[in-house]
file model-v8.pdb (PDB, C-alpha atoms)
ATOM      1  CA  MET W 284       0.147 -13.842  35.423
ATOM      2  CA  LEU W 285      -1.264 -13.069  32.021
ATOM      3  CA  ARG W 286       1.379 -12.516  29.401
ATOM      4  CA  PRO W 287       0.796 -10.538  26.219
ATOM      5  CA  THR W 288       0.302 -12.607  23.122
ATOM      6  CA  GLY W 289       2.484 -12.094  20.095
ATOM      7  CA  GLU W 290      -0.382 -10.276  18.413
ATOM      8  CA  SER W 291      -0.892  -7.852  21.285
ATOM      9  CA  THR W 292       2.840  -7.175  21.436
ATOM     10  CA  MET W 293       2.849  -6.379  17.737
ATOM     11  CA  THR W 294      -0.170  -4.130  18.189
ATOM     12  CA  ARG W 295       1.605  -2.293  20.997
ATOM     13  CA  LYS W 296       4.705  -1.822  18.881
ATOM     14  CA  SER W 297       2.558  -0.582  16.004
ATOM     15  CA  SER W 298       0.817   1.890  18.305
ATOM     16  CA  LEU W 299       4.154   3.140  19.615
ATOM     17  CA  ALA W 300       5.410   3.580  16.064
ATOM     18  CA  MET W 301       2.283   5.546  15.121
ATOM     19  CA  PHE W 302       2.692   7.721  18.203
ATOM     20  CA  ALA W 303       6.347   8.383  17.330
ATOM     21  CA  ASP W 304       5.351   9.245  13.732
ATOM     22  CA  CYS W 305       2.891  11.837  15.028
ATOM     23  CA  ALA W 306       5.050  13.094  17.870
ATOM     24  CA  ARG W 307       8.098  13.960  15.783
ATOM     25  CA  PRO W 308       6.495  16.601  13.508
ATOM     26  CA  VAL W 309       4.561  18.049  16.462
ATOM     27  CA  ALA W 310       7.823  18.332  18.383
ATOM     28  CA  ASN W 311       9.390  19.997  15.330
ATOM     29  CA  LEU W 312       6.648  22.627  15.243
ATOM     30  CA  LEU W 313       7.119  23.322  18.941
ATOM     31  CA  ARG W 314      10.898  23.535  18.583
ATOM     32  CA  GLY W 315      10.931  25.459  15.295
ATOM     33  CA  ARG W 316      12.310  22.645  13.127
ATOM     34  CA  PRO W 317      11.286  21.870   9.538
ATOM     35  CA  VAL W 318       8.239  19.793   8.624
ATOM     36  CA  LEU W 319       8.134  20.792   4.928
ATOM     37  CA  ALA W 320      10.689  20.410   2.143
ATOM     38  CA  THR W 321      10.601  21.961  -1.316
ATOM     39  CA  PHE W 322      12.415  19.448  -3.524
ATOM     40  CA  GLN W 323      13.700  20.291  -6.995
ATOM     41  CA  VAL W 324      13.710  16.736  -8.274
ATOM     42  CA  THR W 325      15.395  17.948 -11.476
ATOM     43  CA  LEU W 326      16.925  21.188 -12.680
ATOM     44  CA  ARG W 327      16.095  20.414 -16.285
ATOM     45  CA  CYS W 328      13.191  22.283 -17.833
ATOM     46  CA  ASN W 329      11.316  22.459 -21.137
ATOM     47  CA  SER W 330      10.288  26.096 -20.591
ATOM     48  CA  ALA W 331      12.309  29.307 -20.438
ATOM     49  CA  CYS W 332      10.183  31.474 -18.165
ATOM     50  CA  GLY W 333      11.184  35.125 -18.089
ATOM     51  CA  TYR W 334      10.855  35.300 -14.308
ATOM     52  CA  CYS W 335      12.876  32.169 -13.503
ATOM     53  CA  ASP W 336      16.461  32.574 -12.346
ATOM     54  CA  LEU W 337      17.014  29.056 -11.041
ATOM     55  CA  PRO W 338      20.179  27.286 -12.276
ATOM     56  CA  LEU W 339      18.504  25.178 -14.952
ATOM     57  CA  ASN W 340      19.866  22.983 -17.714
ATOM     58  CA  GLN W 341      23.477  23.063 -16.563
ATOM     59  CA  GLY W 342      24.119  19.339 -16.558
ATOM     60  CA  ARG W 343      24.511  19.296 -12.778
ATOM     61  CA  TYR W 344      24.400  16.056 -10.814
ATOM     62  CA  GLU W 345      20.926  14.698 -10.046
ATOM     63  CA  LEU W 346      20.200  12.426  -7.127
ATOM     64  CA  THR W 347      19.332   8.884  -8.155
ATOM     65  CA  ARG W 348      16.065   7.298  -7.156
ATOM     66  CA  GLU W 349      17.881   5.247  -4.526
ATOM     67  CA  GLU W 350      19.602   8.334  -3.099
ATOM     68  CA  ILE W 351      16.307  10.201  -2.969
ATOM     69  CA  ARG W 352      14.609   7.378  -1.107
ATOM     70  CA  GLY W 353      17.496   7.131   1.375
ATOM     71  CA  ILE W 354      17.672  10.874   2.010
ATOM     72  CA  PHE W 355      13.936  11.315   2.449
ATOM     73  CA  GLY W 356      13.742   8.243   4.643
ATOM     74  CA  GLN W 357      16.150  10.019   6.988
ATOM     75  CA  LEU W 358      14.225  13.276   6.697
ATOM     76  CA  TYR W 359      11.026  11.450   7.652
ATOM     77  CA  THR W 360      12.618  10.232  10.859
ATOM     78  CA  GLU W 361      13.626  13.863  11.519
ATOM     79  CA  GLY W 362      10.022  15.031  11.247
ATOM     80  CA  ILE W 363       9.672  16.146   7.636
ATOM     81  CA  ARG W 364       6.145  15.230   6.551
ATOM     82  CA  PHE W 365       5.315  17.419   3.543
ATOM     83  CA  VAL W 366       7.231  17.549   0.251
ATOM     84  CA  LEU W 367       6.615  19.886  -2.681
ATOM     85  CA  VAL W 368       8.098  18.095  -5.689
ATOM     86  CA  GLN W 369       9.011  20.574  -8.413
ATOM     87  CA  GLY W 370      11.814  21.440 -10.829
ATOM     88  CA  GLY W 371      12.874  22.619 -13.310
ATOM     89  CA  GLU W 372      10.066  20.546 -14.723
ATOM     90  CA  PRO W 373       9.659  17.390 -12.616
ATOM     91  CA  LEU W 374       7.921  15.431 -15.362
ATOM     92  CA  LEU W 375      11.187  15.415 -17.337
ATOM     93  CA  ARG W 376      12.477  12.736 -14.965
ATOM     94  CA  THR W 377      11.716   9.393 -16.534
ATOM     95  CA  ASP W 378      11.696   7.748 -13.102
ATOM     96  CA  LEU W 379       9.364  10.318 -11.524
ATOM     97  CA  VAL W 380       6.477   7.880 -11.010
ATOM     98  CA  ASP W 381       8.796   5.572  -9.066
ATOM     99  CA  ILE W 382      10.153   8.464  -6.994
ATOM    100  CA  LEU W 383       6.630   9.616  -6.119
ATOM    101  CA  ALA W 384       5.697   6.082  -5.099
ATOM    102  CA  ASP W 385       8.822   5.842  -2.939
ATOM    103  CA  LEU W 386       8.157   9.154  -1.188
ATOM    104  CA  SER W 387       4.527   8.241  -0.553
ATOM    105  CA  SER W 388       5.470   4.812   0.809
ATOM    106  CA  LEU W 389       7.676   6.533   3.381
ATOM    107  CA  GLY W 390       4.587   8.292   4.738
ATOM    108  CA  LEU W 391       5.337  11.701   3.221
ATOM    109  CA  GLN W 392       2.512  13.931   1.980
ATOM    110  CA  VAL W 393       3.640  14.817  -1.552
ATOM    111  CA  THR W 394       2.399  17.573  -3.864
ATOM    112  CA  VAL W 395       3.527  17.610  -7.508
ATOM    113  CA  ILE W 396       4.142  21.076  -8.989
ATOM    114  CA  THR W 397       4.404  21.065 -12.786
ATOM    115  CA  ASN W 398       3.973  23.290 -15.825
ATOM    116  CA  GLY W 399       1.460  20.724 -17.083
ATOM    117  CA  THR W 400       2.991  20.252 -20.522
ATOM    118  CA  ARG W 401       3.809  16.558 -20.159
ATOM    119  CA  LEU W 402       0.818  15.114 -18.339
ATOM    120  CA  THR W 403      -0.403  11.761 -19.673
ATOM    121  CA  PRO W 404      -3.373   9.553 -18.756
ATOM    122  CA  ASP W 405      -1.007   7.032 -17.151
ATOM    123  CA  LEU W 406       0.745   9.670 -15.068
ATOM    124  CA  VAL W 407      -2.553  11.173 -13.884
ATOM    125  CA  ALA W 408      -3.814   7.708 -12.963
ATOM    126  CA  HIS W 409      -0.590   7.034 -11.064
ATOM    127  CA  CYS W 410      -0.881  10.286  -9.106
ATOM    128  CA  ALA W 411      -4.502   9.451  -8.315
ATOM    129  CA  SER W 412      -3.540   5.996  -7.057
ATOM    130  CA  LEU W 413      -1.126   7.709  -4.642
ATOM    131  CA  ARG W 414      -3.775  10.322  -3.694
ATOM    132  CA  LEU W 415      -1.409  13.178  -4.561
ATOM    133  CA  PRO W 416      -2.345  16.848  -4.806
ATOM    134  CA  VAL W 417      -1.282  18.298  -8.154
ATOM    135  CA  SER W 418      -0.489  21.934  -8.960
ATOM    136  CA  ILE W 419      -0.386  23.245 -12.541
ATOM    137  CA  SER W 420       1.241  26.558 -13.476
ATOM    138  CA  LEU W 421      -0.791  28.679 -15.883
ATOM    139  CA  ASP W 422      -0.454  32.447 -16.199
ATOM    140  CA  THR W 423      -2.540  33.123 -19.300
ATOM    141  CA  LEU W 424      -5.097  31.622 -21.673
ATOM    142  CA  ASP W 425      -3.661  33.486 -24.665
ATOM    143  CA  ARG W 426      -1.242  31.439 -26.745
ATOM    144  CA  ALA W 427       0.998  34.323 -27.830
ATOM    145  CA  ARG W 428       1.151  35.688 -24.301
ATOM    146  CA  TYR W 429       1.958  32.232 -22.939
ATOM    147  CA  ARG W 430       4.899  32.005 -25.341
ATOM    148  CA  GLN W 431       6.000  35.488 -24.274
ATOM    149  CA  ILE W 432       5.945  34.631 -20.544
ATOM    150  CA  ARG W 433       7.101  31.022 -20.651
ATOM    151  CA  GLY W 434       9.492  31.186 -23.573
ATOM    152  CA  ALA W 435       7.876  28.217 -25.307
ATOM    153  CA  ASP W 436       4.722  27.658 -27.377
ATOM    154  CA  GLN W 437       3.106  25.071 -25.083
ATOM    155  CA  LEU W 438      -0.348  26.347 -24.136
ATOM    156  CA  PRO W 439      -2.182  23.622 -26.149
ATOM    157  CA  GLN W 440      -0.260  20.925 -24.260
ATOM    158  CA  VAL W 441      -1.114  22.533 -20.923
ATOM    159  CA  LEU W 442      -4.817  22.747 -21.764
ATOM    160  CA  SER W 443      -4.784  19.095 -22.829
ATOM    161  CA  GLY W 444      -3.161  18.221 -19.524
ATOM    162  CA  LEU W 445      -5.809  20.147 -17.614
ATOM    163  CA  ASN W 446      -8.485  18.151 -19.427
ATOM    164  CA  LEU W 447      -6.876  14.949 -18.170
ATOM    165  CA  LEU W 448      -7.416  16.256 -14.640
ATOM    166  CA  ALA W 449     -11.104  17.032 -15.198
ATOM    167  CA  ARG W 450     -12.257  14.211 -12.904
ATOM    168  CA  TYR W 451      -9.198  14.110 -10.682
ATOM    169  CA  PRO W 452     -10.559  13.226  -7.212
ATOM    170  CA  PHE W 453      -7.821  14.781  -5.076
ATOM    171  CA  PRO W 454      -6.760  18.404  -4.488
ATOM    172  CA  LYS W 455      -5.718  20.178  -7.664
ATOM    173  CA  PHE W 456      -4.398  23.716  -7.864
ATOM    174  CA  LEU W 457      -3.833  26.179 -10.677
ATOM    175  CA  THR W 458      -1.060  28.668  -9.923
ATOM    176  CA  CYS W 459      -1.007  32.025 -11.706
ATOM    177  CA  ILE W 460       1.899  34.463 -11.312
ATOM    178  CA  VAL W 461       0.975  38.120 -11.807
ATOM    179  CA  SER W 462       3.300  40.063 -14.103
ATOM    180  CA  GLU W 463       2.972  43.095 -16.382
ATOM    181  CA  ALA W 464       2.336  40.768 -19.309
ATOM    182  CA  ASN W 465      -0.765  39.117 -17.857
ATOM    183  CA  ARG W 466      -2.110  41.340 -15.070
ATOM    184  CA  HIS W 467      -5.220  42.364 -17.028
ATOM    185  CA  GLU W 468      -6.058  38.701 -17.624
ATOM    186  CA  VAL W 469      -5.574  37.285 -14.115
ATOM    187  CA  PRO W 470      -9.278  37.388 -13.082
ATOM    188  CA  GLU W 471     -10.166  35.457 -16.255
ATOM    189  CA  VAL W 472      -7.529  32.818 -15.452
ATOM    190  CA  VAL W 473      -8.895  32.509 -11.911
ATOM    191  CA  ARG W 474     -12.470  32.072 -13.196
ATOM    192  CA  PHE W 475     -11.180  29.448 -15.640
ATOM    193  CA  ALA W 476      -9.546  27.585 -12.748
ATOM    194  CA  ARG W 477     -12.739  27.610 -10.691
ATOM    195  CA  ARG W 478     -14.914  26.455 -13.616
ATOM    196  CA  HIS W 479     -12.640  23.453 -14.065
ATOM    197  CA  GLY W 480     -12.506  22.486 -10.400
ATOM    198  CA  PHE W 481      -9.057  23.882  -9.611
ATOM    199  CA  ILE W 482      -8.258  25.888  -6.503
ATOM    200  CA  PRO W 483      -6.682  29.143  -7.766
ATOM    201  CA  VAL W 484      -3.349  30.144  -6.226
ATOM    202  CA  VAL W 485      -2.284  33.657  -7.256
ATOM    203  CA  GLY W 486       1.156  35.043  -6.470
ATOM    204  CA  ALA W 487       3.298  37.976  -7.584
ATOM    205  CA  TYR W 488       6.344  38.002  -9.845
ATOM    206  CA  HIS W 489       9.466  38.643  -7.749
ATOM    207  CA  TRP W 490      12.776  39.824  -9.098
ATOM    208  CA  ASN W 491      16.165  40.418  -7.509
ATOM    209  CA  VAL W 492      15.235  38.666  -4.266
ATOM    210  CA  GLY W 493      18.440  36.973  -3.229
ATOM    211  CA  LEU W 494      19.109  34.190  -5.694
ATOM    212  CA  TYR W 495      15.476  34.053  -6.780
ATOM    213  CA  GLY W 496      13.838  35.799  -9.708
ATOM    214  CA  LYS W 497      15.469  37.773 -12.493
ATOM    215  CA  GLU W 498      14.704  41.075 -14.137
ATOM    216  CA  ASP W 499      12.616  40.793 -17.277
ATOM    217  CA  SER W 500      11.535  44.121 -18.730
ATOM    218  CA  VAL W 501       8.489  42.554 -20.363
ATOM    219  CA  LEU W 502       7.238  41.142 -17.057
ATOM    220  CA  MET W 503       8.273  43.819 -14.540
ATOM    221  CA  TYR W 504       5.313  45.817 -13.269
ATOM    222  CA  ASP W 505       4.606  49.007 -11.437
ATOM    223  CA  ARG W 506       3.646  47.929  -7.925
ATOM    224  CA  SER W 507       0.531  50.088  -7.774
ATOM    225  CA  ALA W 508      -0.798  48.373 -10.908
ATOM    226  CA  ALA W 509      -0.089  44.912  -9.478
ATOM    227  CA  ILE W 510      -1.735  45.818  -6.159
ATOM    228  CA  ARG W 511      -4.959  46.558  -7.997
ATOM    229  CA  VAL W 512      -4.982  43.026  -9.418
ATOM    230  CA  PHE W 513      -4.899  41.423  -5.973
ATOM    231  CA  GLU W 514      -7.380  43.892  -4.521
ATOM    232  CA  GLN W 515      -9.793  43.211  -7.378
ATOM    233  CA  LEU W 516      -9.555  39.463  -6.826
ATOM    234  CA  LEU W 517     -10.533  40.006  -3.200
ATOM    235  CA  LYS W 518     -13.279  42.510  -4.013
ATOM    236  CA  ASP W 519     -14.861  40.172  -6.580
ATOM    237  CA  ASP W 520     -14.577  37.248  -4.130
ATOM    238  CA  LEU W 521     -12.752  35.140  -6.722
ATOM    239  CA  ILE W 522     -10.356  33.540  -4.230
ATOM    240  CA  PRO W 523     -11.916  30.997  -1.838
ATOM    241  CA  ALA W 524     -11.823  31.487   1.913
ATOM    242  CA  GLY W 525      -8.883  30.063   3.771
ATOM    243  CA  TYR W 526      -5.134  30.061   3.326
ATOM    244  CA  PHE W 527      -5.009  31.015  -0.362
ATOM    245  CA  ARG W 528      -7.168  34.073   0.204
ATOM    246  CA  HIS W 529      -4.802  35.002   3.034
ATOM    247  CA  PHE W 530      -1.908  34.550   0.594
ATOM    248  CA  VAL W 531      -3.524  36.991  -1.861
ATOM    249  CA  LYS W 532      -4.029  39.524   0.953
ATOM    250  CA  ASP W 533      -0.371  39.118   1.939
ATOM    251  CA  SER W 534       0.707  39.684  -1.662
ATOM    252  CA  ALA W 535      -1.085  43.049  -1.632
ATOM    253  CA  VAL W 536       0.559  43.865   1.709
ATOM    254  CA  TRP W 537       3.974  42.967   0.299
ATOM    255  CA  LEU W 538       3.435  45.026  -2.854
ATOM    256  CA  ARG W 539       2.522  48.043  -0.715
ATOM    257  CA  GLY W 540       5.869  47.680   1.051
ATOM    258  CA  GLU W 541       4.255  46.897   4.386
ATOM    259  CA  ARG W 542       5.692  44.371   6.789
ATOM    260  CA  LEU W 543       4.562  40.767   6.519
ATOM    261  CA  GLU W 544       4.380  38.214   9.293
ATOM    262  CA  PRO W 545       7.677  36.379   9.874
ATOM    263  CA  CYS W 546       9.120  34.191   7.166
ATOM    264  CA  ASP W 547       9.815  30.713   8.520
ATOM    265  CA  ALA W 548      12.290  29.531   5.890
ATOM    266  CA  GLY W 549      14.872  27.329   7.570
ATOM    267  CA  ARG W 550      12.639  27.073  10.597
ATOM    268  CA  TYR W 551       9.556  25.170   9.443
ATOM    269  CA  SER W 552      10.706  24.556   5.870
ATOM    270  CA  ILE W 553      13.804  23.877   3.801
ATOM    271  CA  ALA W 554      14.674  23.734   0.098
ATOM    272  CA  ILE W 555      16.580  20.830  -1.461
ATOM    273  CA  ASP W 556      17.911  20.947  -4.999
ATOM    274  CA  ALA W 557      18.313  18.058  -7.423
ATOM    275  CA  SER W 558      21.861  17.324  -6.260
ATOM    276  CA  GLY W 559      21.019  17.261  -2.526
ATOM    277  CA  GLN W 560      22.090  20.815  -1.688
ATOM    278  CA  VAL W 561      20.042  22.336   1.147
ATOM    279  CA  SER W 562      19.158  25.978   1.711
ATOM    280  CA  ALA W 563      16.683  27.773   3.930
ATOM    281  CA  CYS W 564      14.736  28.691   0.780
ATOM    282  CA  LEU W 565      15.352  28.919  -2.946
ATOM    283  CA  ALA W 566      16.402  32.565  -2.610
ATOM    284  CA  MET W 567      19.308  31.747  -0.274
ATOM    285  CA  PRO W 568      22.624  29.957  -0.838
ATOM    286  CA  ALA W 569      23.064  26.294   0.045
ATOM    287  CA  VAL W 570      24.757  25.431   3.337
ATOM    288  CA  GLY W 571      25.451  21.730   2.799
ATOM    289  CA  ASN W 572      24.717  18.627   0.755
ATOM    290  CA  LEU W 573      22.706  15.756   2.233
ATOM    291  CA  ARG W 574      24.931  13.247   0.444
ATOM    292  CA  GLU W 575      27.891  14.505   2.454
ATOM    293  CA  VAL W 576      26.717  16.315   5.592
ATOM    294  CA  PRO W 577      24.345  15.062   8.324
ATOM    295  CA  TYR W 578      20.960  16.746   8.252
ATOM    296  CA  ARG W 579      21.187  18.116  11.786
ATOM    297  CA  GLU W 580      24.546  19.700  11.050
ATOM    298  CA  ILE W 581      23.036  21.358   7.975
ATOM    299  CA  LEU W 582      20.256  22.815  10.111
ATOM    300  CA  SER W 583      22.855  24.236  12.497
ATOM    301  CA  ARG W 584      24.514  26.060   9.581
ATOM    302  CA  PHE W 585      21.510  28.205   8.697
ATOM    303  CA  ASP W 586      22.151  31.884   9.301
ATOM    304  CA  ARG W 587      19.045  32.825  11.289
ATOM    305  CA  SER W 588      20.002  36.486  11.257
ATOM    306  CA  GLN W 589      20.098  36.431   7.447
ATOM    307  CA  VAL W 590      16.614  34.903   7.269
ATOM    308  CA  GLN W 591      15.377  37.383   9.867
ATOM    309  CA  ALA W 592      16.837  40.335   7.982
ATOM    310  CA  CYS W 593      15.200  39.127   4.768
ATOM    311  CA  SER W 594      11.888  38.651   6.569
ATOM    312  CA  ASP W 595      12.075  42.047   8.274
ATOM    313  CA  GLY W 596      12.555  43.667   4.892
ATOM    314  CA  SER W 597       9.529  41.792   3.517
ATOM    315  CA  SER W 598      11.579  41.205   0.401
ATOM    316  CA  CYS W 599       9.284  38.429  -0.867
ATOM    317  CA  ASN W 600       6.087  36.528  -0.249
ATOM    318  CA  ARG W 601       7.067  33.044  -1.325
ATOM    319  CA  LEU W 602       4.436  30.527  -0.354
ATOM    320  CA  ASP W 603       6.733  27.672   0.702
ATOM    321  CA  GLY W 604       8.675  29.737   3.248
ATOM    322  CA  ARG W 605       5.552  31.139   4.913
ATOM    323  CA  VAL W 606       2.779  28.558   4.615
ATOM    324  CA  VAL W 607       3.492  26.526   7.767
ATOM    325  CA  GLY W 608       3.959  29.545  10.011
ATOM    326  CA  THR W 609       0.848  31.214   8.587
ATOM    327  CA  ILE W 610      -1.237  28.108   9.263
ATOM    328  CA  LEU W 611       0.021  27.913  12.839
ATOM    329  CA  ARG W 612      -0.736  31.582  13.459
ATOM    330  CA  HIS W 613      -4.141  31.437  11.751
ATOM    331  CA  PRO W 614      -5.627  27.978  12.426
ATOM    332  CA  ILE W 615      -9.214  29.043  11.674
ATOM    333  CA  THR W 616      -8.102  30.393   8.305
ATOM    334  CA  ALA W 617      -6.322  27.104   7.618
ATOM    335  CA  TRP W 618      -9.401  25.111   8.624
ATOM    336  CA  ARG W 619     -11.532  27.076   6.127
ATOM    337  CA  THR W 620      -9.233  26.260   3.213
ATOM    338  CA  PRO W 621     -11.053  24.056   0.656
ATOM    339  CA  VAL W 622      -9.398  20.935  -0.730
ATOM    340  CA  ARG W 623     -11.450  20.916  -3.947
ATOM    341  CA  PHE W 624     -14.166  22.749  -5.901
TER     342      PHE W 624
END
call {"tool": "encode", "arguments": {"input": "model-v8.pdb", "output": "structure tokens"}}
result
Amino acid sequence: MLRPTGESTMTRKSSLAMFADCARPVANLLRGRPVLATFQVTLRCNSACGYCDLPLNQGRYELTREEIRGIFGQLYTEGIRFVLVQGGEPLLRTDLVDILADLSSLGLQVTVITNGTRLTPDLVAHCASLRLPVSISLDTLDRARYRQIRGADQLPQVLSGLNLLARYPFPKFLTCIVSEANRHEVPEVVRFARRHGFIPVVGAYHWNVGLYGKEDSVLMYDRSAAIRVFEQLLKDDLIPAGYFRHFVKDSAVWLRGERLEPCDAGRYSIAIDASGQVSACLAMPAVGNLREVPYREILSRFDRSQVQACSDGSSCNRLDGRVVGTILRHPITAWRTPVRF
């Protein structure tokens, strides 16, 4: 009888491991379990955005690099495959490059979301070596207006950071949040993004949505005026085909007070703060800490009726809570989404 060689046995084990890696997230999608995590790697920030109501700069505990690697190693085995690394401002963590390398080595698909003020040639090169998508937040090209919206005079630093990404070979996004302060300028920002090879992502300022978003009289808009911004973007064909165009359409639907497709927060996605606290999304309270409570028990604590009630009321159109479900419901739209300009 022929017996398998050591090499063939290793190949078989490797194939089984690859199958298990693929099977787990597929099983999660079928069972309605998370495959995406929004991770606030730090709650420190060097901006003071008028629309941000996250608990920043409070000296709260931050997970160490070792804790992050251990937690996300467990989450990988549970089927999490996509991680949005944000803050606060993630680039304030001095060990961020090591954390990104750790997360990537686990097999996670990581996207870095930053205000772009602290990009350096070394950091950009590091992200490129890991093949990471990068998303930069930029609401205006006017320096005074930037200071008004973001609470800090940092537009020159952001523009310098964008220049460092001029030849970046992997997906790069420029996210613009529509508010009263910048709504007349949004098409110009979108054209700027396209000229520089960024995929434009345009969302709406939300306030008083659970724990997310605060009232700022300078930024609060009349909904009819904001609707016109999104409709104009679609009419002028400034948003590329695919998911992000769908997102702009949904923003107009939300602003009109019409019902959106279901939010999948807590189902296909979760939010994790810098200390390990887990919630269905950033707008909802935490239900447990991954340093203390097993992940599966945390999932069992989510109040599905609360998420459903929030979704039924179409109280927000946050990208991270809806992206996975939208892709599953609209696969052709997802397939048409560009990865670069």
call {"tool": "atom_distance", "arguments": {"input": "model-v8.pdb", "atom1": "atom CA of W:Asp436", "atom2": "atom CA of W:Phe481"}}
result
22.8 Å
call {"tool": "closest_residue", "arguments": {"input": "model-v8.pdb", "among": "W:Val318, W:Met503, W:Ala557, W:Ala617", "to": "W:Glu361", "atoms": "all atoms listed in the file"}}
result
W:Val318
call {"tool": "atom_distance", "arguments": {"input": "model-v8.pdb", "atom1": "atom CA of W:Glu471", "atom2": "atom CA of W:Leu424"}}
result
8.4 Å
call {"tool": "residues_near_point", "arguments": {"input": "model-v8.pdb", "point": "(14.0, 10.6, 1.3)", "cutoff": "10 Å", "atoms": "all atoms listed in the file", "output": "list in words"}}
result
Arg348, Glu349, Glu350, Ile351, Arg352, Gly353, Ile354, Phe355, Gly356, Gln357, Leu358, Tyr359, Thr360, Ile363, Val366, Ile382, Asp385, Leu386, Ser387, Leu389 and Leu391 of chain W
call {"tool": "closest_residue", "arguments": {"input": "model-v8.pdb", "among": "W:Arg542, W:Arg426, W:Arg376, W:Arg587", "to": "W:Thr347", "atoms": "all atoms listed in the file"}}
result
W:Arg376
call {"tool": "closest_residue", "arguments": {"input": "model-v8.pdb", "among": "W:Thr397, W:Glu463, W:Pro621, W:Ala509", "to": "W:Arg539", "atoms": "all atoms listed in the file"}}
result
W:Ala509
call {"tool": "resolve_selection", "arguments": {"input": "model-v8.pdb", "expression": "the PyMOL selection byres ((chain W and resi 508) around 10)", "output": "ChimeraX atom specification"}}
result
/W:462-463,466-467,504-507,509-513,538
call {"tool": "write_last_selection", "arguments": {"input": "model-v8.pdb", "atoms": "C-alpha atoms", "output": "PDB file, keeping the file's coordinate frame"}}
result
ATOM      1  CA  SER W 462       3.300  40.063 -14.103  1.00  0.00           C
ATOM      2  CA  GLU W 463       2.972  43.095 -16.382  1.00  0.00           C
ATOM      3  CA  ARG W 466      -2.110  41.340 -15.070  1.00  0.00           C
ATOM      4  CA  HIS W 467      -5.220  42.364 -17.028  1.00  0.00           C
ATOM      5  CA  TYR W 504       5.313  45.817 -13.269  1.00  0.00           C
ATOM      6  CA  ASP W 505       4.606  49.007 -11.437  1.00  0.00           C
ATOM      7  CA  ARG W 506       3.646  47.929  -7.925  1.00  0.00           C
ATOM      8  CA  SER W 507       0.531  50.088  -7.774  1.00  0.00           C
ATOM      9  CA  ALA W 509      -0.089  44.912  -9.478  1.00  0.00           C
ATOM     10  CA  ILE W 510      -1.735  45.818  -6.159  1.00  0.00           C
ATOM     11  CA  ARG W 511      -4.959  46.558  -7.997  1.00  0.00           C
ATOM     12  CA  VAL W 512      -4.982  43.026  -9.418  1.00  0.00           C
ATOM     13  CA  PHE W 513      -4.899  41.423  -5.973  1.00  0.00           C
ATOM     14  CA  LEU W 538       3.435  45.026  -2.854  1.00  0.00           C
TER      15      LEU W 538
END
call {"tool": "atom_distance", "arguments": {"input": "model-v8.pdb", "atom1": "atom CA of W:Gln437", "atom2": "atom CA of W:Glu372"}}
result
13.3 Å
call {"tool": "closest_atom_pairs", "arguments": {"input": "model-v8.pdb", "of": "stretch 475-519 of chain W", "to": "stretch 528-536 of chain W", "cutoff": "8 Å", "atoms": "all atoms listed in the file", "output": "CSV"}}
result
residue,atom,partner,partner_atom,distance
W:Val485,CA,W:Val531,CA,6.5
W:Gly486,CA,W:Ser534,CA,6.7
W:Ala487,CA,W:Ser534,CA,6.7
W:Ile510,CA,W:Ala535,CA,5.3
W:Phe513,CA,W:Ala535,CA,6.0
W:Glu514,CA,W:Ala535,CA,7.0
W:Leu517,CA,W:Arg528,CA,7.6
call {"tool": "resolve_selection", "arguments": {"input": "model-v8.pdb", "expression": "the PyMOL selection byres ((chain W and resi 316) around 9)", "output": "ChimeraX atom specification"}}
result
/W:308,310-315,317-318,362-363,549-552,582
call {"tool": "closest_residue", "arguments": {"input": "model-v8.pdb", "among": "W:Pro483, W:Pro470, W:Pro452, W:Gly525", "to": "W:Thr609", "atoms": "all atoms listed in the file"}}
result
W:Gly525
call {"tool": "residues_around", "arguments": {"input": "model-v8.pdb", "residues": "stretch 319-325 of chain W", "least_positions_apart": "5", "cutoff": "6 Å", "atoms": "only C-alpha atoms", "output": "MDAnalysis selection string"}}
result
chainID W and resid 363 365:371 373 552:557
call {"tool": "write_last_selection", "arguments": {"input": "model-v8.pdb", "atoms": "C-alpha atoms", "output": "PDB file, in the coordinates of the input"}}
result
ATOM      1  CA  ILE W 363       9.672  16.146   7.636  1.00  0.00           C
ATOM      2  CA  PHE W 365       5.315  17.419   3.543  1.00  0.00           C
ATOM      3  CA  VAL W 366       7.231  17.549   0.251  1.00  0.00           C
ATOM      4  CA  LEU W 367       6.615  19.886  -2.681  1.00  0.00           C
ATOM      5  CA  VAL W 368       8.098  18.095  -5.689  1.00  0.00           C
ATOM      6  CA  GLN W 369       9.011  20.574  -8.413  1.00  0.00           C
ATOM      7  CA  GLY W 370      11.814  21.440 -10.829  1.00  0.00           C
ATOM      8  CA  GLY W 371      12.874  22.619 -13.310  1.00  0.00           C
ATOM      9  CA  PRO W 373       9.659  17.390 -12.616  1.00  0.00           C
ATOM     10  CA  SER W 552      10.706  24.556   5.870  1.00  0.00           C
ATOM     11  CA  ILE W 553      13.804  23.877   3.801  1.00  0.00           C
ATOM     12  CA  ALA W 554      14.674  23.734   0.098  1.00  0.00           C
ATOM     13  CA  ILE W 555      16.580  20.830  -1.461  1.00  0.00           C
ATOM     14  CA  ASP W 556      17.911  20.947  -4.999  1.00  0.00           C
ATOM     15  CA  ALA W 557      18.313  18.058  -7.423  1.00  0.00           C
TER      16      ALA W 557
END
call {"tool": "closest_residue", "arguments": {"input": "model-v8.pdb", "among": "W:Glu468, W:Asp520, W:Asp405, W:Glu580", "to": "W:Arg428", "atoms": "all atoms listed in the file"}}
result
W:Glu468
call {"tool": "resolve_selection", "arguments": {"input": "model-v8.pdb", "expression": "the PyMOL selection byres ((chain W and resi 603) around 8)", "output": "PyMOL selection string"}}
result
chain W and resi 321+548+552+601-602+604-607
call {"tool": "residues_near_point", "arguments": {"input": "model-v8.pdb", "point": "(11.3, 38.9, -3.2)", "cutoff": "10 Å", "atoms": "all atoms listed in the file", "output": "list in words"}}
result
Ala487, Tyr488, His489, Trp490, Asn491, Val492, Gly493, Leu494, Tyr495, Gly496, Trp537, Leu538, Ala566, Cys593, Ser594, Gly596, Ser597, Ser598, Cys599, Asn600 and Arg601 of chain W
